[in-house]
Amino acid sequence: MELVSPAPARSAGLRFRLPKCVPPFNTPAYRIFSIIWAAAFLLALAGPIAGLYLRYTAPENNSQLLLGSHAGFAVSPGDATRIRFPVSAEAARAGIQPGDRIVAIYGLPLPQRMPVTEQALAANAGDPAYIAMNNLLFSTDNGEVPITLRSPDGEVREITVTTGEHHIDAGARALGVSPKVLKFIDLLQILAYPFLLWAAWILHRRNARDAVSSLLSLAVLLSIGSEQPSVTALANLSAPRSVTVALFDLANVLLLAGILLFPHGELGWRKVALLACLPILIFLHGQAYQAFFICFMIIAVLSLLRRMRSAPSGDLQQQIRWALFGFSGYALLRGISIIADLLKWSTGSLGQQLAVEIFAGVCFALGTLVLQLGLLVALLKYRLYDAESIISKTVSVALITLILSAGFAAVMEGIITGVQFIYPESDTSQTLAAMAGAVVAAGMIEPIRDRVKRWTERYFHRGLTDLKHGLPETMRDLRDVTSFDNFIDEVLSRIAEGLLAGRMAFVLGREVKHQIGVTRGEVLRWLAAFQPHEGKERIETDLDDRLFPLRVRVEDGSGSVVGWLLVGPRPDGSVAGKDEREAIDDIIVPFARSLRVVLNREKERKEMIELLEAHRLRIERLELALRP
């Protein structure tokens, strides 16, 4: 019989397998990355300082803050022919009034509606009307420009405006704002730069070879180096604008990559496909760029939500929750900033617009700061178990803000488009749109708040929701059918799970009835030194106590103390927060009443057993006495 050797197996090396996660930097990669990171850190540190110096020493160019203020009035990008308000007293004296329309410049007729967005200017680059409007709004030269105005009542008049920086400077002085201060109003984001630099340093230096932390750190540095005032410094060094744009795009690509890989760089084919699509961002511009970036942010957040639901309870789940806190806080503040940007085109004076501009800038800076704070806490694993209460509130407000801002923007845009389509000459579209948007948003607040609150409690406070609503019902079901030991074991296990407490004990009188995560001897030694507070607070807190920092008086509605519920710290050493204490306070009276029912039932059962035993013995004695 001829033995046939089996066919050789296919080489396993021919099939490519992804690593489970992004490996940490090896020594050569770490050295190369450290050089790049150091250069980015120097740019993020020196760029804003140099840009601020150049901005401070350069002549004022404040008219760029407000569209049209170089000519003495304010217009909006949606329609540069409609004057919103005069900027300076000189422009008002010249006869410029709110609601006037510019019908001609240098005698050159203008269209009825003239948007001056980036896309409109690019599409009409050769149009003489747009060239004239561009010179009036954006030119830095000073001179006299004849324009033709038509008032809302149909009166047509010719006036001559003198262009220059003096209009907005005079308007700012009338408000008590120095032109030197005015030139820095668009740089309010630098208030967050010290913290962002510190966060970038910590993220990289605490775990220098971790790819995710280092990528997020580099993204922060490149974002600072590619925005104002660093852009001014780079332009002064004759750096091409394409370099600044490339740095900005690279920062966003690294930020999205870090979010997708958070927290430990786990890889999969879907995630690799998403990462491969990120360089597309470099080739996009304008609204397509914003839409692509927002879509990837949504995908990254949904990916984090999915990982949080599948992750076991512990540090990993808490890390993801803190990251979600950063994204939610960023979405909230960014949504407020977007609403402010929408409202600023409806303001009726220079003071109102400057106030809205400042508010929007501060919200944007705080949003970036909150994003980095969430990532920093998550990656450094500091007080991870405070996430639930903070995140649920942040997510609730963020979702409400985003939904209301989306509804507000949709209503405003629809009304503006409809009114201008039906009445092209009407000047009331902005006012009507703002009023209708506010009414719709006010009507949506209450139903949206209720729905969002229920969703966030169910999603982020699942343990506390079960503790407050599920445990009282469970106690009512158990108190009539189970033993005291089983009842206490079930209740304490549910409370420990809901509070994420590593240790728990229940003391009845001075007797330890049940304990979790601690020995009976340790509880007895702690109990020997325990002195309750003199006050009548139901929940006592002692942060210096490492064993049981939280103590709860178990008392029924009459105020009599049944026992003590002793709660230990969470896995990171922190004490249960306000929401957890409120949940305990909600269940403690039902617990005490159920406990009394169980104890009374146990007492009656014991008495019944003793009575039956006594009857049995009596019957036996009688039988013995009657036996022949």
# chains A, B, ... in the order shown; residues from 1 in each chain; ligands from 1
$ residues_around --residues "range 91-93 of chain A" --least-positions-apart "5" --cutoff "12 Å" --atoms "only C-alpha atoms" --output "list in words"
Gly68, Ser69, His70, Ala71, Gly72, Phe73, Ala74, Ile83, Phe85, Pro86, Pro98, Asp100, Ile159, Thr160, Val161, Thr162, Thr163, Gly164, His166, His167, Ile168, Ala170 and Gly171 of chain A
$ write_last_selection --atoms "C-alpha atoms" --output "JSON list (two decimals), in the first residue's frame"
[["chain", "number", "residue", "atom", "x", "y", "z"],
["A", 68, "GLY", "CA", -19.45, 96.82, 5.24],
["A", 69, "SER", "CA", -18.04, 98.87, 8.13],
["A", 70, "HIS", "CA", -15.16, 100.05, 5.89],
["A", 71, "ALA", "CA", -17.83, 102.13, 4.10],
["A", 72, "GLY", "CA", -19.61, 103.22, 7.29],
["A", 73, "PHE", "CA", -22.53, 100.78, 7.45],
["A", 74, "ALA", "CA", -23.28, 97.11, 8.16],
["A", 83, "ILE", "CA", -28.10, 98.20, 4.95],
["A", 85, "PHE", "CA", -27.53, 99.95, 10.40],
["A", 86, "PRO", "CA", -24.98, 102.81, 10.14],
["A", 98, "PRO", "CA", -31.44, 101.08, 8.46],
["A", 100, "ASP", "CA", -31.88, 101.40, 2.85],
["A", 159, "ILE", "CA", -24.64, 110.15, -1.36],
["A", 160, "THR", "CA", -20.87, 109.86, -1.18],
["A", 161, "VAL", "CA", -19.24, 107.71, 1.51],
["A", 162, "THR", "CA", -15.65, 108.04, 2.64],
["A", 163, "THR", "CA", -14.13, 104.60, 3.17],
["A", 164, "GLY", "CA", -11.66, 103.91, 5.95],
["A", 166, "HIS", "CA", -12.39, 105.60, 11.12],
["A", 167, "HIS", "CA", -16.03, 104.46, 10.93],
["A", 168, "ILE", "CA", -15.78, 101.37, 13.14],
["A", 170, "ALA", "CA", -15.56, 105.94, 16.04],
["A", 171, "GLY", "CA", -18.44, 103.52, 16.62]]
$ residues_around --residues "range 42-45 of chain A" --least-positions-apart "6" --cutoff "7 Å" --atoms "only C-alpha atoms" --output "PyMOL selection string"
chain A and resi 221-222+224-225
$ atom_distance --atom1 "CA of Val243 in chain A" --atom2 "CA of Phe296 in chain A"
23.6 Å
$ atom_distance --atom1 "CA of Met504 in chain A" --atom2 "CA of Ser310 in chain A"
26.8 Å
$ residues_around --residues "range 527-529 of chain A" --least-positions-apart "2" --cutoff "12 Å" --atoms "only C-alpha atoms" --output "JSON, numbers by chain"
{"A": [505, 506, 507, 508, 509, 510, 511, 512, 520, 521, 522, 523, 524, 525, 531, 532, 545, 547, 548, 551, 564, 565, 566]}
$ closest_residue --among "A:Ala219, A:His264, A:Met114, A:Arg209" --to "Pro28 in chain A" --atoms "only C-alpha atoms"
A:Arg209
$ residues_around --residues "Leu550 in chain A" --least-positions-apart "4" --cutoff "12 Å" --atoms "only C-alpha atoms" --output "ChimeraX atom specification"
/A:499,501,503-505,532,537-546,564-570,574-578,580-581,584
$ write_last_selection --atoms "N, CA and C atoms" --output "short mmCIF file (atom, residue, chain, number, x, y, z; two decimals), in the first residue's frame"
data_model
loop_
_atom_site.label_atom_id
_atom_site.label_comp_id
_atom_site.auth_asym_id
_atom_site.auth_seq_id
_atom_site.Cartn_x
_atom_site.Cartn_y
_atom_site.Cartn_z
N LEU A 499 -24.37 51.91 42.54
CA LEU A 499 -23.46 52.96 43.01
C LEU A 499 -22.03 52.71 42.61
N ALA A 501 -20.05 50.75 44.02
CA ALA A 501 -19.30 50.70 45.28
C ALA A 501 -18.57 49.38 45.40
N ARG A 503 -17.29 48.26 48.28
CA ARG A 503 -17.56 47.66 49.60
C ARG A 503 -18.91 48.15 50.09
N MET A 504 -19.63 47.25 50.77
CA MET A 504 -20.90 47.61 51.38
C MET A 504 -21.14 46.72 52.59
N ALA A 505 -21.92 47.24 53.52
CA ALA A 505 -22.30 46.44 54.69
C ALA A 505 -23.61 46.98 55.24
N PRO A 532 -21.91 58.31 65.20
CA PRO A 532 -22.80 59.04 64.27
C PRO A 532 -22.78 60.54 64.54
N GLU A 537 -29.24 64.42 59.54
CA GLU A 537 -29.10 64.09 58.14
C GLU A 537 -29.19 62.59 57.93
N ARG A 538 -29.93 62.21 56.93
CA ARG A 538 -30.09 60.79 56.66
C ARG A 538 -28.81 60.18 56.10
N ILE A 539 -28.07 60.97 55.32
CA ILE A 539 -26.84 60.49 54.68
C ILE A 539 -25.66 61.28 55.23
N GLU A 540 -24.70 60.58 55.82
CA GLU A 540 -23.49 61.20 56.34
C GLU A 540 -22.32 60.90 55.41
N THR A 541 -21.41 61.88 55.26
CA THR A 541 -20.24 61.71 54.40
C THR A 541 -19.00 62.09 55.18
N ASP A 542 -18.00 61.23 55.12
CA ASP A 542 -16.70 61.49 55.74
C ASP A 542 -15.63 61.12 54.71
N LEU A 543 -15.08 62.13 54.04
CA LEU A 543 -14.13 61.87 52.96
C LEU A 543 -12.81 61.31 53.48
N ASP A 544 -12.53 61.48 54.76
CA ASP A 544 -11.28 60.95 55.33
C ASP A 544 -11.38 59.46 55.65
N ASP A 545 -12.59 58.92 55.64
CA ASP A 545 -12.78 57.51 55.94
C ASP A 545 -12.56 56.69 54.66
N ARG A 546 -11.54 55.86 54.64
CA ARG A 546 -11.23 55.07 53.45
C ARG A 546 -12.11 53.83 53.32
N TRP A 564 -28.01 50.74 59.79
CA TRP A 564 -27.10 51.59 59.02
C TRP A 564 -26.68 50.86 57.76
N LEU A 565 -26.72 51.59 56.63
CA LEU A 565 -26.20 51.10 55.36
C LEU A 565 -24.86 51.78 55.13
N LEU A 566 -23.80 51.00 55.08
CA LEU A 566 -22.44 51.53 54.95
C LEU A 566 -21.96 51.32 53.53
N VAL A 567 -21.54 52.40 52.88
CA VAL A 567 -21.16 52.37 51.46
C VAL A 567 -19.70 52.75 51.32
N GLY A 568 -18.92 51.91 50.62
CA GLY A 568 -17.52 52.19 50.40
C GLY A 568 -17.30 53.05 49.16
N PRO A 569 -16.04 53.38 48.85
CA PRO A 569 -15.73 54.21 47.68
C PRO A 569 -15.86 53.42 46.39
N ARG A 570 -15.83 54.15 45.28
CA ARG A 570 -15.85 53.54 43.96
C ARG A 570 -14.45 53.02 43.61
N SER A 574 -13.04 57.45 44.61
CA SER A 574 -13.93 58.60 44.79
C SER A 574 -15.22 58.17 45.49
N VAL A 575 -15.93 59.15 46.04
CA VAL A 575 -17.16 58.91 46.79
C VAL A 575 -18.35 59.15 45.87
N ALA A 576 -19.44 58.45 46.15
CA ALA A 576 -20.66 58.60 45.36
C ALA A 576 -21.07 60.07 45.31
N GLY A 577 -21.50 60.51 44.11
CA GLY A 577 -21.84 61.90 43.90
C GLY A 577 -23.26 62.25 44.30
N LYS A 578 -23.69 63.44 43.89
CA LYS A 578 -25.00 63.96 44.28
C LYS A 578 -26.13 63.10 43.75
N GLU A 580 -26.10 59.95 42.96
CA GLU A 580 -26.14 58.67 43.67
C GLU A 580 -26.76 58.83 45.06
N ARG A 581 -26.40 59.92 45.73
CA ARG A 581 -26.97 60.13 47.07
C ARG A 581 -28.47 60.39 46.99
N ILE A 584 -30.12 57.03 46.63
CA ILE A 584 -30.18 56.32 47.91
C ILE A 584 -31.29 56.90 48.78
#
$ residues_around --residues "Met297 in chain A" --least-positions-apart "2" --cutoff "12 Å" --atoms "only C-alpha atoms" --output "short mmCIF file (atom, residue, chain, number, x, y, z; two decimals) with N, CA and C atoms, in the first residue's frame"
data_model
loop_
_atom_site.label_atom_id
_atom_site.label_comp_id
_atom_site.auth_asym_id
_atom_site.auth_seq_id
_atom_site.Cartn_x
_atom_site.Cartn_y
_atom_site.Cartn_z
N ASN A 252 -7.13 68.30 11.77
CA ASN A 252 -8.46 67.70 11.80
C ASN A 252 -8.41 66.20 11.50
N VAL A 253 -7.53 65.81 10.56
CA VAL A 253 -7.38 64.38 10.24
C VAL A 253 -6.88 63.62 11.46
N LEU A 255 -7.15 64.54 14.62
CA LEU A 255 -8.18 64.55 15.66
C LEU A 255 -9.21 63.46 15.41
N LEU A 256 -9.71 63.36 14.18
CA LEU A 256 -10.70 62.34 13.86
C LEU A 256 -10.11 60.94 13.99
N ALA A 257 -8.85 60.77 13.58
CA ALA A 257 -8.20 59.47 13.72
C ALA A 257 -8.06 59.09 15.18
N GLY A 258 -7.68 60.04 16.02
CA GLY A 258 -7.56 59.76 17.44
C GLY A 258 -8.88 59.38 18.08
N ILE A 259 -9.97 60.05 17.64
CA ILE A 259 -11.29 59.73 18.18
C ILE A 259 -11.72 58.33 17.75
N LEU A 260 -11.47 57.99 16.48
CA LEU A 260 -11.85 56.65 16.00
C LEU A 260 -11.06 55.55 16.70
N LEU A 274 -12.48 53.48 7.40
CA LEU A 274 -12.79 54.86 7.78
C LEU A 274 -11.53 55.71 7.87
N LEU A 278 -10.08 59.39 5.61
CA LEU A 278 -9.82 60.69 6.23
C LEU A 278 -9.00 61.63 5.35
N GLN A 290 -16.97 71.13 5.73
CA GLN A 290 -17.68 71.11 7.00
C GLN A 290 -18.59 69.87 7.10
N ALA A 291 -19.29 69.56 6.01
CA ALA A 291 -20.19 68.40 6.02
C ALA A 291 -19.42 67.11 6.24
N PHE A 292 -18.28 66.96 5.56
CA PHE A 292 -17.45 65.76 5.72
C PHE A 292 -16.95 65.64 7.15
N PHE A 293 -16.47 66.76 7.71
CA PHE A 293 -15.94 66.74 9.07
C PHE A 293 -17.04 66.39 10.08
N ILE A 294 -18.23 66.99 9.94
CA ILE A 294 -19.32 66.72 10.86
C ILE A 294 -19.78 65.27 10.76
N CYS A 295 -19.85 64.75 9.53
CA CYS A 295 -20.25 63.35 9.35
C CYS A 295 -19.28 62.40 10.05
N ILE A 299 -19.95 59.77 13.11
CA ILE A 299 -19.56 58.36 13.03
C ILE A 299 -18.67 57.99 14.21
N ALA A 300 -17.74 58.88 14.56
CA ALA A 300 -16.85 58.59 15.67
C ALA A 300 -17.61 58.50 16.98
N VAL A 301 -18.57 59.41 17.20
CA VAL A 301 -19.36 59.38 18.43
C VAL A 301 -20.22 58.12 18.50
N LEU A 302 -20.84 57.76 17.37
CA LEU A 302 -21.64 56.53 17.35
C LEU A 302 -20.76 55.30 17.62
N SER A 303 -19.56 55.33 17.09
CA SER A 303 -18.63 54.22 17.35
C SER A 303 -18.29 54.13 18.83
N LEU A 304 -18.09 55.30 19.47
CA LEU A 304 -17.82 55.30 20.91
C LEU A 304 -19.02 54.79 21.70
N LEU A 324 -17.06 60.86 25.69
CA LEU A 324 -18.37 61.34 25.24
C LEU A 324 -18.73 62.66 25.91
N PHE A 327 -17.01 65.29 23.81
CA PHE A 327 -17.68 65.52 22.54
C PHE A 327 -19.03 66.21 22.75
N SER A 328 -19.76 65.82 23.80
CA SER A 328 -21.06 66.43 24.06
C SER A 328 -20.91 67.89 24.45
N TYR A 330 -18.44 69.81 23.64
CA TYR A 330 -18.04 70.53 22.42
C TYR A 330 -19.25 70.80 21.53
N ALA A 331 -20.12 69.78 21.38
CA ALA A 331 -21.31 69.95 20.55
C ALA A 331 -22.24 71.01 21.13
#
$ select_by_dssp --residues "range 14-151 of chain A" --states "alpha helix (DSSP H)" --output "VMD selection string"
chain A and resid 27 to 57 89 to 93 118 to 123 128 to 138
$ write_last_selection --atoms "N, CA and C atoms" --output "compact mmCIF listing (two decimals), in the first residue's frame"
# COMPACT_ATOMS: atom_id res chain seq x y z
N THR A 27 11.37 52.47 19.06
CA THR A 27 12.34 53.53 19.34
C THR A 27 12.56 54.46 18.14
N PRO A 28 12.80 53.97 16.91
CA PRO A 28 12.98 54.90 15.78
C PRO A 28 11.73 55.75 15.52
N ALA A 29 10.54 55.11 15.54
CA ALA A 29 9.31 55.87 15.30
C ALA A 29 9.09 56.90 16.41
N TYR A 30 9.40 56.53 17.63
CA TYR A 30 9.23 57.47 18.74
C TYR A 30 10.14 58.68 18.59
N ARG A 31 11.36 58.46 18.15
CA ARG A 31 12.29 59.59 17.97
C ARG A 31 11.83 60.51 16.85
N ILE A 32 11.37 59.93 15.75
CA ILE A 32 10.89 60.76 14.64
C ILE A 32 9.65 61.55 15.07
N PHE A 33 8.73 60.87 15.73
CA PHE A 33 7.52 61.56 16.17
C PHE A 33 7.85 62.64 17.19
N SER A 34 8.81 62.39 18.06
CA SER A 34 9.17 63.38 19.07
C SER A 34 9.71 64.65 18.42
N ILE A 35 10.47 64.49 17.33
CA ILE A 35 10.98 65.67 16.62
C ILE A 35 9.82 66.47 16.02
N ILE A 36 8.87 65.75 15.38
CA ILE A 36 7.71 66.43 14.79
C ILE A 36 6.88 67.10 15.88
N TRP A 37 6.67 66.39 17.00
CA TRP A 37 5.88 66.95 18.09
C TRP A 37 6.55 68.18 18.68
N ALA A 38 7.87 68.15 18.84
CA ALA A 38 8.58 69.30 19.39
C ALA A 38 8.46 70.51 18.47
N ALA A 39 8.56 70.28 17.15
CA ALA A 39 8.40 71.39 16.21
C ALA A 39 6.99 71.97 16.28
N ALA A 40 5.98 71.09 16.38
CA ALA A 40 4.60 71.56 16.48
C ALA A 40 4.37 72.31 17.79
N PHE A 41 5.00 71.85 18.86
CA PHE A 41 4.85 72.52 20.15
C PHE A 41 5.47 73.92 20.10
N LEU A 42 6.64 74.04 19.47
CA LEU A 42 7.27 75.36 19.34
C LEU A 42 6.40 76.30 18.51
N LEU A 43 5.80 75.76 17.42
CA LEU A 43 4.92 76.58 16.60
C LEU A 43 3.69 77.02 17.39
N ALA A 44 3.10 76.09 18.18
CA ALA A 44 1.91 76.42 18.96
C ALA A 44 2.23 77.40 20.09
N LEU A 45 3.48 77.39 20.55
CA LEU A 45 3.87 78.31 21.62
C LEU A 45 4.30 79.67 21.08
N ALA A 46 5.15 79.65 20.04
CA ALA A 46 5.68 80.91 19.51
C ALA A 46 4.72 81.59 18.53
N GLY A 47 3.92 80.79 17.79
CA GLY A 47 3.04 81.37 16.78
C GLY A 47 2.04 82.36 17.36
N PRO A 48 1.26 81.99 18.39
CA PRO A 48 0.32 82.96 18.96
C PRO A 48 1.01 84.19 19.55
N ILE A 49 2.18 83.99 20.19
CA ILE A 49 2.87 85.14 20.77
C ILE A 49 3.32 86.11 19.68
N ALA A 50 3.94 85.57 18.62
CA ALA A 50 4.38 86.42 17.52
C ALA A 50 3.20 87.06 16.80
N GLY A 51 2.12 86.27 16.62
CA GLY A 51 0.95 86.83 15.95
C GLY A 51 0.30 87.95 16.74
N LEU A 52 0.25 87.79 18.07
CA LEU A 52 -0.30 88.86 18.91
C LEU A 52 0.57 90.11 18.84
N TYR A 53 1.88 89.93 18.83
CA TYR A 53 2.78 91.09 18.73
C TYR A 53 2.59 91.81 17.41
N LEU A 54 2.52 91.05 16.32
CA LEU A 54 2.33 91.68 15.01
C LEU A 54 0.96 92.37 14.93
N ARG A 55 -0.06 91.72 15.48
CA ARG A 55 -1.38 92.35 15.46
C ARG A 55 -1.38 93.63 16.29
N TYR A 56 -0.65 93.63 17.39
CA TYR A 56 -0.63 94.78 18.27
C TYR A 56 0.13 95.95 17.64
N THR A 57 1.24 95.66 16.97
CA THR A 57 2.06 96.72 16.40
C THR A 57 1.58 97.18 15.04
N ALA A 89 -21.42 107.76 13.60
CA ALA A 89 -22.27 108.95 13.53
C ALA A 89 -22.08 109.68 12.21
N GLU A 90 -20.87 109.63 11.64
CA GLU A 90 -20.63 110.26 10.35
C GLU A 90 -21.49 109.66 9.26
N ALA A 91 -21.61 108.33 9.25
CA ALA A 91 -22.45 107.67 8.25
C ALA A 91 -23.91 108.02 8.45
N ALA A 92 -24.35 108.14 9.71
CA ALA A 92 -25.74 108.52 9.96
C ALA A 92 -26.00 109.94 9.49
N ARG A 93 -25.04 110.84 9.72
CA ARG A 93 -25.22 112.21 9.26
C ARG A 93 -25.25 112.30 7.74
N GLU A 118 -18.35 83.39 -0.05
CA GLU A 118 -17.15 82.98 -0.80
C GLU A 118 -17.52 82.35 -2.13
N GLN A 119 -18.57 81.53 -2.13
CA GLN A 119 -18.98 80.88 -3.37
C GLN A 119 -19.53 81.90 -4.38
N ALA A 120 -20.34 82.87 -3.89
CA ALA A 120 -20.91 83.88 -4.80
C ALA A 120 -19.84 84.76 -5.40
N LEU A 121 -18.84 85.16 -4.60
CA LEU A 121 -17.76 86.00 -5.12
C LEU A 121 -16.94 85.25 -6.16
N ALA A 122 -16.70 83.94 -5.90
CA ALA A 122 -15.93 83.16 -6.88
C ALA A 122 -16.71 82.96 -8.17
N ALA A 123 -18.04 82.76 -8.06
CA ALA A 123 -18.85 82.53 -9.26
C ALA A 123 -19.06 83.79 -10.08
N PRO A 128 -19.06 93.14 -13.27
CA PRO A 128 -18.71 94.50 -12.86
C PRO A 128 -19.40 94.93 -11.56
N ALA A 129 -20.65 94.50 -11.39
CA ALA A 129 -21.36 94.86 -10.16
C ALA A 129 -20.66 94.28 -8.94
N TYR A 130 -20.22 93.03 -9.03
CA TYR A 130 -19.51 92.41 -7.91
C TYR A 130 -18.14 93.03 -7.71
N ILE A 131 -17.49 93.44 -8.78
CA ILE A 131 -16.19 94.11 -8.64
C ILE A 131 -16.36 95.42 -7.88
N ALA A 132 -17.41 96.17 -8.23
CA ALA A 132 -17.66 97.44 -7.53
C ALA A 132 -18.00 97.19 -6.06
N MET A 133 -18.86 96.20 -5.78
CA MET A 133 -19.21 95.89 -4.40
C MET A 133 -18.00 95.38 -3.62
N ASN A 134 -17.15 94.59 -4.26
CA ASN A 134 -15.95 94.08 -3.61
C ASN A 134 -15.03 95.23 -3.21
N ASN A 135 -14.89 96.24 -4.11
CA ASN A 135 -14.04 97.39 -3.78
C ASN A 135 -14.63 98.21 -2.63
N LEU A 136 -15.95 98.29 -2.58
CA LEU A 136 -16.59 99.06 -1.51
C LEU A 136 -16.45 98.37 -0.15
N LEU A 137 -16.62 97.05 -0.12
CA LEU A 137 -16.66 96.32 1.16
C LEU A 137 -15.30 95.87 1.65
N PHE A 138 -14.45 95.43 0.74
CA PHE A 138 -13.23 94.73 1.17
C PHE A 138 -11.94 95.49 0.89
$ atom_distance --atom1 "CA of Leu342 in chain A" --atom2 "CA of Gly329 in chain A"
20.0 Å
$ residues_around --residues "Thr81 in chain A" --least-positions-apart "4" --cutoff "8 Å" --atoms "only C-alpha atoms" --output "PyMOL selection string"
chain A and resi 75+101-103+110+112-114
$ closest_residue --among "A:Gln319, A:Thr347, A:Ser483, A:Ser223" --to "Leu250 in chain A" --atoms "only C-alpha atoms"
A:Ser223
$ closest_residue --among "A:Leu108, A:Arg307, A:Gln318, A:Leu373" --to "Val220 in chain A" --atoms "only C-alpha atoms"
A:Leu373
$ select_by_dssp --residues "range 114-165 of chain A" --states "strand (DSSP E)" --output "PyMOL selection string"
chain A and resi 143-150+156-163
$ closest_residue --among "A:Gly470, A:Pro628, A:Gly351, A:Gly95" --to "Ile587 in chain A" --atoms "only C-alpha atoms"
A:Gly470
